[in-house]
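These notes are about the structure you will find just below.
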Amino acid sequence: MRRRLLALAVLLDLLLPPGALVHQAGCHWLHSCPSDRGNYVCGDLGHCGECLDNQFCQAGHPRQAVTLPPAPRGMTPMPAADIPTPKTPTIDASVTGKTVAIVDGDTLEVLHEGTPVRVRLYGIDAPEKHQAFGRRAKRYLRVLALQHEVTVTVRDTDRDGCLVGEVRLADGRNLSQELVQAGLAWHDGQYAPHDTVLQQLQAEAQAAKRGLWSDPQPVPPWVFRREEVVR
């Protein structure tokens, strides 16, 4: 009888397609078992308690996971849903948001569509952090703008991808003008040569010797940066 069962098993192995008896091993050659179907789920009636090598239920004890069949060939996985990213504002666009960080005397970060966007104030150049009046300019900008709603009118982007724009407070004050008027920033004549308001405010601050103009020979930040590179 045992020899007949072995012969029958060999005959079935030859006749059935490959993989049909993939779960038959060890004692499964000698008798039938529910797991022979290849899709046995623990809990089915008639689990095989005699086969210790049963991959689906060891000695009749349910397993916690059932292996899923592989995906058919040729099918590509579904692409993950695209995560929307904030769009970079275009030139002359207006961005309104809260100032969440002050980087230095002429640069801040505005929360735009849930992401902090770095903005450099248009038309001015404030002293560097480690330059005379650099920390004072940063403190002044913090008092003016931090945690306040501002509106940015985008004028350009710099080489680092930072937005350059006119930034106004809710009451209409222009931050670039406020810093120049306080004597804590230079009018940047290279990038805003036709801004007559900044020109006039700088002349007034110089005449009153406010801020950095109290120094007989203040060093413009663009000169300071160039000298730092040479050093």
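Just so we're on the same page: first chain in the structure tokens is A, next is B, and so on; residues restart at 1 for each chain, and ligands are numbered from 1 in the order they show up.
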
- Item | Spatial neighbours of range 122-130 of chain A, max dist 6 Å, only C-alpha atoms, sep filter under 4 positions, as a ChimeraX atom specification | /A:105-106,134-135,164-166,185-188,192,221

Find the residues of range 134-185 of chain A that sit at most 6 Å from range 199-209 of chain A; for each, write down the nearest two atoms and how far apart they are in Å, to one decimal. Count only C-alpha atoms. Sort by chain, then by number going up, and give it as a tab-separated table.
residue	atom	partner	partner_atom	distance
A:Val180	CA	A:Gln202	CA	5.8
A:Gln181	CA	A:Leu201	CA	5.2
A:Gly183	CA	A:Ala205	CA	5.4

- Residue nearest Asp92 in chain A - candidates A:Glu228, A:Asp195, A:Asp215, A:Asp156, atoms counted: only C-alpha atoms: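 The answer is A:Asp156, which sits nearest to Asp92 in chain A.
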
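One distance worth recording is that between CA of Val119 in chain A and CA of Ser214 in chain A, which is 28.3 Å.
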
- Task: Show which residues sit within 10 Å of range 94-97 of chain A, as a list in words. Count only C-alpha atoms, and ignore same-chain residues fewer than 4 positions away.
- Result: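 Here the answer would be Pro89, Thr90, Glu109, Val110, Leu111, His112, Glu113, Gly114, Pro116, Val117, Gln147, His148, Glu149, Val150, Thr151, Val152, Thr153, Val154, Arg155, Gly165, Glu166, Val167, Arg168, Leu169 and Ala170 of chain A.
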
Generate the output file for the selected residues, N, CA and C atoms, as a short mmCIF file (atom, residue, chain, number, x, y, z; two decimals), in the first residue's frame.
data_model
loop_
_atom_site.label_atom_id
_atom_site.label_comp_id
_atom_site.auth_asym_id
_atom_site.auth_seq_id
_atom_site.Cartn_x
_atom_site.Cartn_y
_atom_site.Cartn_z
N PRO A 89 6.69 81.46 -5.35
CA PRO A 89 6.01 82.66 -5.85
C PRO A 89 6.77 83.26 -7.03
N THR A 90 6.03 83.77 -7.99
CA THR A 90 6.62 84.38 -9.18
C THR A 90 6.89 85.86 -8.95
N GLU A 109 12.25 85.03 7.47
CA GLU A 109 11.52 83.88 6.93
C GLU A 109 10.04 84.07 7.21
N VAL A 110 9.24 83.86 6.15
CA VAL A 110 7.80 84.05 6.22
C VAL A 110 7.13 82.70 5.99
N LEU A 111 6.16 82.37 6.83
CA LEU A 111 5.45 81.10 6.69
C LEU A 111 4.47 81.20 5.53
N HIS A 112 4.76 80.44 4.45
CA HIS A 112 3.95 80.47 3.23
C HIS A 112 3.49 79.06 2.91
N GLU A 113 2.16 78.83 2.93
CA GLU A 113 1.58 77.52 2.67
C GLU A 113 2.20 76.44 3.55
N GLY A 114 2.41 76.79 4.82
CA GLY A 114 2.93 75.84 5.78
C GLY A 114 4.43 75.64 5.76
N PRO A 116 8.33 77.65 5.79
CA PRO A 116 9.06 78.92 5.93
C PRO A 116 9.79 79.26 4.62
N VAL A 117 9.57 80.46 4.11
CA VAL A 117 10.20 80.92 2.88
C VAL A 117 11.14 82.07 3.23
N GLN A 147 6.91 87.44 14.31
CA GLN A 147 5.57 87.02 14.70
C GLN A 147 4.48 88.00 14.24
N HIS A 148 4.82 88.87 13.31
CA HIS A 148 3.84 89.80 12.73
C HIS A 148 3.48 89.35 11.32
N GLU A 149 2.25 89.62 10.94
CA GLU A 149 1.82 89.35 9.57
C GLU A 149 2.46 90.37 8.63
N VAL A 150 3.01 89.87 7.54
CA VAL A 150 3.64 90.76 6.55
C VAL A 150 3.16 90.37 5.16
N THR A 151 3.31 91.32 4.24
CA THR A 151 3.00 91.06 2.83
C THR A 151 4.28 91.29 2.03
N VAL A 152 4.66 90.28 1.26
CA VAL A 152 5.87 90.33 0.46
C VAL A 152 5.48 90.50 -1.01
N THR A 153 5.98 91.56 -1.64
CA THR A 153 5.83 91.71 -3.09
C THR A 153 7.16 91.28 -3.70
N VAL A 154 7.13 90.15 -4.40
CA VAL A 154 8.36 89.55 -4.91
C VAL A 154 8.92 90.39 -6.06
N ARG A 155 10.20 90.73 -5.97
CA ARG A 155 10.88 91.51 -7.02
C ARG A 155 11.92 90.69 -7.76
N GLY A 165 12.23 90.77 -2.00
CA GLY A 165 10.95 91.45 -2.13
C GLY A 165 10.77 92.62 -1.20
N GLU A 166 9.80 93.44 -1.53
CA GLU A 166 9.39 94.53 -0.66
C GLU A 166 8.47 93.94 0.40
N VAL A 167 8.83 94.13 1.66
CA VAL A 167 8.07 93.54 2.76
C VAL A 167 7.41 94.65 3.56
N ARG A 168 6.10 94.54 3.70
CA ARG A 168 5.34 95.55 4.43
C ARG A 168 4.61 94.93 5.60
N LEU A 169 4.54 95.68 6.69
CA LEU A 169 3.76 95.27 7.85
C LEU A 169 2.28 95.52 7.58
N ALA A 170 1.44 95.04 8.49
CA ALA A 170 0.00 95.21 8.31
C ALA A 170 -0.40 96.68 8.29
#

Show which residues sit within 9 Å of Ala132 in chain A, as an mmCIF file with C-alpha atoms, in the first residue's frame. Count only C-alpha atoms, and ignore same-chain residues fewer than 5 positions away.
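The result, stored in selection38.cif:
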data_model
loop_
_atom_site.group_PDB
_atom_site.id
_atom_site.type_symbol
_atom_site.label_atom_id
_atom_site.label_comp_id
_atom_site.auth_asym_id
_atom_site.auth_seq_id
_atom_site.Cartn_x
_atom_site.Cartn_y
_atom_site.Cartn_z
ATOM 1 C CA PRO A 127 25.735 95.096 8.036
ATOM 2 C CA LEU A 212 25.999 103.249 11.519
ATOM 3 C CA PRO A 218 31.366 103.198 8.034
ATOM 4 C CA VAL A 219 32.285 100.185 5.880
#

- Nearest residue to Ala101 in chain A from the set A:Arg120, A:Leu184, A:Arg142, A:Trp222 (distances using only C-alpha atoms):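 Of A:Arg120, A:Leu184, A:Arg142, A:Trp222, the one nearest Ala101 in chain A is A:Arg142, counting only C-alpha atoms.
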
- Item | Among listed residues A:Leu163, A:Ala182, A:Thr99, A:Arg139, nearest Trp213 in chain A (using only C-alpha atoms) | A:Ala182
